[in-house]
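Asks: Below is the structure I would like to discuss, written out as structure tokens.
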Amino acid sequence: MSKTFIDNFGNADKKIFTAFAHGRMDVMGGIADYSGSLVLQMPIAEKTTVSIRKREDNLLIIKSIGEENLSFKVSIDEIKSIPVGNYALAQKLFTHHKWASYIVGCVILLMWEKKIDFTGFEILVESNIPIGKGVSSSAALEVATLKVFTEYFNITFSGTELPTLAQKVENHIVQAPCGLMDQLTSYFGKPNHLLPITCQPDILHDLLPIPEDVYFMGIDSGVKHSVAGNAYGKVRTAAFMGYSILANLQGIDTKNIKNIPRNELPQKGYLTNLKIPYFKFNFGKSLPISMKGQDFIDQYGEIIDDVTTINPSEIYPIMASSKHAIFENLRINRFKINFKNLDKNLLKVTACKSMGSFMTDSHQSYTDCGLGSEKTDELVRMAKSKVLQGIQGARITGGGSGGTVCMMCVGEKGKQAVRDIWNEYQEKNQIEVKLFG
């Protein structure tokens, strides 16, 4: 990395600091994270590396090597002129360079929250994580950036503080309403293990080793996904609208819901804490299938989400988005129970079949919310056709609307079946796409 750095910035008698972070495969969980669900995540081999070297002036000069070669320059003095907490002004730095907001956003929040007195730096980003494929290229970039400055400045972070700060960069500087699972996985994930997280907001459970003959592989659909896109934000907002309606039915003044501490709200503010029988009996027929934003505002007032806003003219899929969170949490918990039986020969076949069905149901639920896509559907259909070859299940991942399809397979026969689908899909669609795992 030092040679690459010198090739880009020239030689200098100063130490180069380097850190990296991996992308992640969303095995189960996805968009249920912001509703408090259990999720099951794993790191992928692809990673982002960030290297820094101090400059004598007050400039941040950034170069990125990856799918595109990009560069950006900003004065530290210009950053310091932004009042603490003024995200709107910070966002104006990146009007024509959105990619740089992930990196400079980390610098801004380290200044604001850790009181770091920055001077100039040269920053080199090198990544083989494809962008917009649902494998957390942005989270890896944020985590790697924070890690390298943590080493340089000898900053102390405790618990989940670093990934939480990375999420804050994405939510408030980049303006992408992602949950926290991506940053947590990039920071805490371990190869060949599933990381279970209860997203309330950041409860980490013991890592689950993946059996030697079980594999989670991903095929890029060739359709780019963006968490900042309208479809994802619409479904997220709809889920929080659903929560407000259910809270209102439980006696909460939802026109003032943002001012109520979360732990004093019904289900502690998380849809996934609703038990399914209780939901069906008490609320199953109370949620509207869809609702116009203005009608919701007039009747219910607010949602508790602080990174999305209700568009008065938008029609929101409230029932599907709310049911997805509640039922997905149940699917994931059952998936986890079956996963723990994979090393028990007498139960393995049954466990694999159940896990495959949970993945299929998860994929369909994404579609019901409006986050499916023709190409990810095609990949899931291809996976279903190879059950006898060892593919157990498949589902769209992350924020949906394209991106990567995760496939669970068993044995070398199963791995080869995934590779065969990958080759067939590329040939049929005349494209080159990434195979993960």
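Ligands are numbered from 1 in the order shown, chains are lettered A, B, ... in the order of the structure tokens, and residues start at 1 in each chain.
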Residues of segment 314-385 of chain A that have any atom at most 9 Å from an atom of segment 422-436 of chain A: could you tabulate them with the shortest-distance atom pair and the distance in Å to one decimal, using only C-alpha atoms, ordered by chain and increasing number, as CSV?
Replies:
```
residue,atom,partner,partner_atom,distance
A:Glu378,CA,A:Tyr425,CA,8.7
A:Leu379,CA,A:Tyr425,CA,7.6
A:Met382,CA,A:Tyr425,CA,8.7
```
Asks: Identify, with DSSP run on backbone atoms, the residues in segment 161-352 of chain A assigned to alpha helix (DSSP H), and express the list as a ChimeraX atom specification.
Replies: /A:161-168,181-188,230-249,276-282,293-299,318-339,345-352
Asks: Which residues, written as number ranges by chain, have at least one atom at most 8 Å from Gly132 of chain A, with only C-alpha atoms counted and residues fewer than 5 positions away on the same chain left out?
Replies: A: 137, 224-226, 403
Asks: I'd like the contact shell of segment 185-187 of chain A - 12 Å cut-off, only C-alpha atoms, skipping same-chain residues fewer than 5 positions apart - returned as a VMD selection string.
Replies: chain A and resid 19 to 27 39 to 48 135 to 147 159 to 167 179 to 180 193 to 197 199 202 to 205 207
Asks: Between atom CA of Asp33 of chain A and atom CA of Ala325 of chain A, what is the spacing in Å?
Replies: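 Value for the atom CA of Ala325 of chain A-atom CA of Asp33 of chain A distance: 8.1 Å.
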Asks: One number please: atom CA of Phe121 of chain A to atom CA of Val84 of chain A, in Å, one decimal.
Replies: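 Between atom CA of Phe121 of chain A and atom CA of Val84 of chain A the gap works out to 21.1 Å.
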Asks: Residues within 12 Å of Phe153 of chain A, please, as number ranges by chain. Count only C-alpha atoms; anything in the same chain fewer than 2 positions from it doesn't count.
Replies: A: 17, 52, 54, 107, 110-111, 114-119, 146-151, 155-157
Asks: Measuring atom to atom with only C-alpha atoms, identify which of A:Ser362, A:Thr272, A:Asn256, A:Asn86 is nearest to His172 of chain A.
Replies: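 Comparing A:Ser362, A:Thr272, A:Asn256, A:Asn86 against His172 of chain A, the winner is A:Asn86.
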Asks: Out of A:Lys73, A:Lys353, A:Lys14, A:Arg236, which residue has the shortest atom-to-atom distance to Thr309 of chain A when counting only C-alpha atoms?
Replies: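 Checking each of A:Lys73, A:Lys353, A:Lys14, A:Arg236 against Thr309 of chain A, counting only C-alpha atoms, the winner is A:Arg236.
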Asks: Which of these, A:Pro312, A:Ile337, A:Arg53, A:Ile245, has the shortest distance to Ala12 of chain A once you count only C-alpha atoms?
Replies: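 When distances to Ala12 of chain A are compared using only C-alpha atoms, the smallest one comes from A:Arg53.
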Asks: Which polymer residues have any atom within 10 Å of an atom of Asn311 of chain A, counting only C-alpha atoms, with same-chain residues fewer than 6 positions away left out, as number ranges by chain?
Replies: A: 234, 237, 292-294, 297
Asks: Find the spatial neighbours of Ile310 of chain A, counting only C-alpha atoms, within a cut-off of 12 Å - ignore same-chain residues fewer than 3 positions away - and output them as an MDAnalysis selection string.
Replies: chainID A and resid 230 233:241 291:298 300:307 313:316
Asks: Using backbone DSSP assignments, extract all strand (DSSP E or B) residues from segment 176-274 of chain A; output them as a list in words.
Replies: His193, Leu194, Leu195, Pro196, Ile197, Thr198, Ile203, Leu204, Leu208, Pro209, Val214, Tyr215, Phe216, Met217, Gly218, Ile219 and Asp220 of chain A
Asks: Got time to write the residues from that selection, N, CA and C atoms, as a PDB file, in the first residue's frame?
Replies:
```
ATOM      1  N   HIS A 193     -18.193 -16.716  10.019  1.00  0.00           N
ATOM      2  CA  HIS A 193     -19.120 -16.652  11.136  1.00  0.00           C
ATOM      3  C   HIS A 193     -20.296 -15.743  10.769  1.00  0.00           C
ATOM      4  N   LEU A 194     -21.465 -16.065  11.302  1.00  0.00           N
ATOM      5  CA  LEU A 194     -22.588 -15.138  11.245  1.00  0.00           C
ATOM      6  C   LEU A 194     -22.554 -14.269  12.495  1.00  0.00           C
ATOM      7  N   LEU A 195     -22.813 -12.988  12.320  1.00  0.00           N
ATOM      8  CA  LEU A 195     -22.900 -12.067  13.443  1.00  0.00           C
ATOM      9  C   LEU A 195     -24.378 -11.753  13.691  1.00  0.00           C
ATOM     10  N   PRO A 196     -24.944 -12.249  14.805  1.00  0.00           N
ATOM     11  CA  PRO A 196     -26.328 -11.904  15.121  1.00  0.00           C
ATOM     12  C   PRO A 196     -26.368 -10.565  15.868  1.00  0.00           C
ATOM     13  N   ILE A 197     -27.238  -9.685  15.423  1.00  0.00           N
ATOM     14  CA  ILE A 197     -27.406  -8.364  16.038  1.00  0.00           C
ATOM     15  C   ILE A 197     -28.897  -8.125  16.255  1.00  0.00           C
ATOM     16  N   THR A 198     -29.266  -7.761  17.468  1.00  0.00           N
ATOM     17  CA  THR A 198     -30.613  -7.253  17.695  1.00  0.00           C
ATOM     18  C   THR A 198     -30.527  -5.732  17.595  1.00  0.00           C
ATOM     19  N   ILE A 203     -27.425  -4.463  19.958  1.00  0.00           N
ATOM     20  CA  ILE A 203     -27.144  -5.571  20.862  1.00  0.00           C
ATOM     21  C   ILE A 203     -26.463  -6.691  20.078  1.00  0.00           C
ATOM     22  N   LEU A 204     -25.197  -6.922  20.371  1.00  0.00           N
ATOM     23  CA  LEU A 204     -24.426  -7.955  19.686  1.00  0.00           C
ATOM     24  C   LEU A 204     -24.534  -9.276  20.437  1.00  0.00           C
ATOM     25  N   LEU A 208     -21.682 -16.911  15.439  1.00  0.00           N
ATOM     26  CA  LEU A 208     -22.079 -18.285  15.130  1.00  0.00           C
ATOM     27  C   LEU A 208     -21.172 -18.833  14.040  1.00  0.00           C
ATOM     28  N   PRO A 209     -20.315 -19.815  14.353  1.00  0.00           N
ATOM     29  CA  PRO A 209     -19.458 -20.379  13.308  1.00  0.00           C
ATOM     30  C   PRO A 209     -20.275 -21.087  12.232  1.00  0.00           C
ATOM     31  N   VAL A 214     -21.204 -25.676   4.688  1.00  0.00           N
ATOM     32  CA  VAL A 214     -22.308 -24.752   4.422  1.00  0.00           C
ATOM     33  C   VAL A 214     -21.723 -23.421   3.949  1.00  0.00           C
ATOM     34  N   TYR A 215     -22.324 -22.845   2.916  1.00  0.00           N
ATOM     35  CA  TYR A 215     -21.777 -21.625   2.331  1.00  0.00           C
ATOM     36  C   TYR A 215     -22.901 -20.619   2.062  1.00  0.00           C
ATOM     37  N   PHE A 216     -22.590 -19.364   2.296  1.00  0.00           N
ATOM     38  CA  PHE A 216     -23.472 -18.267   1.901  1.00  0.00           C
ATOM     39  C   PHE A 216     -22.734 -17.472   0.829  1.00  0.00           C
ATOM     40  N   MET A 217     -23.243 -17.538  -0.388  1.00  0.00           N
ATOM     41  CA  MET A 217     -22.606 -16.899  -1.531  1.00  0.00           C
ATOM     42  C   MET A 217     -23.558 -15.861  -2.119  1.00  0.00           C
ATOM     43  N   GLY A 218     -22.998 -14.887  -2.785  1.00  0.00           N
ATOM     44  CA  GLY A 218     -23.820 -13.827  -3.348  1.00  0.00           C
ATOM     45  C   GLY A 218     -23.549 -13.619  -4.822  1.00  0.00           C
ATOM     46  N   ILE A 219     -24.593 -13.357  -5.578  1.00  0.00           N
ATOM     47  CA  ILE A 219     -24.456 -13.016  -6.998  1.00  0.00           C
ATOM     48  C   ILE A 219     -25.047 -11.626  -7.216  1.00  0.00           C
ATOM     49  N   ASP A 220     -24.239 -10.749  -7.770  1.00  0.00           N
ATOM     50  CA  ASP A 220     -24.679  -9.393  -8.106  1.00  0.00           C
ATOM     51  C   ASP A 220     -25.670  -9.480  -9.258  1.00  0.00           C
TER      52      ASP A 220
END
```
Asks: Can you work out the spacing between atom CA of Gly85 of chain A and atom CA of Leu109 of chain A in Å, to one decimal?
Replies: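 Here the two named atoms are 8.9 Å from each other.
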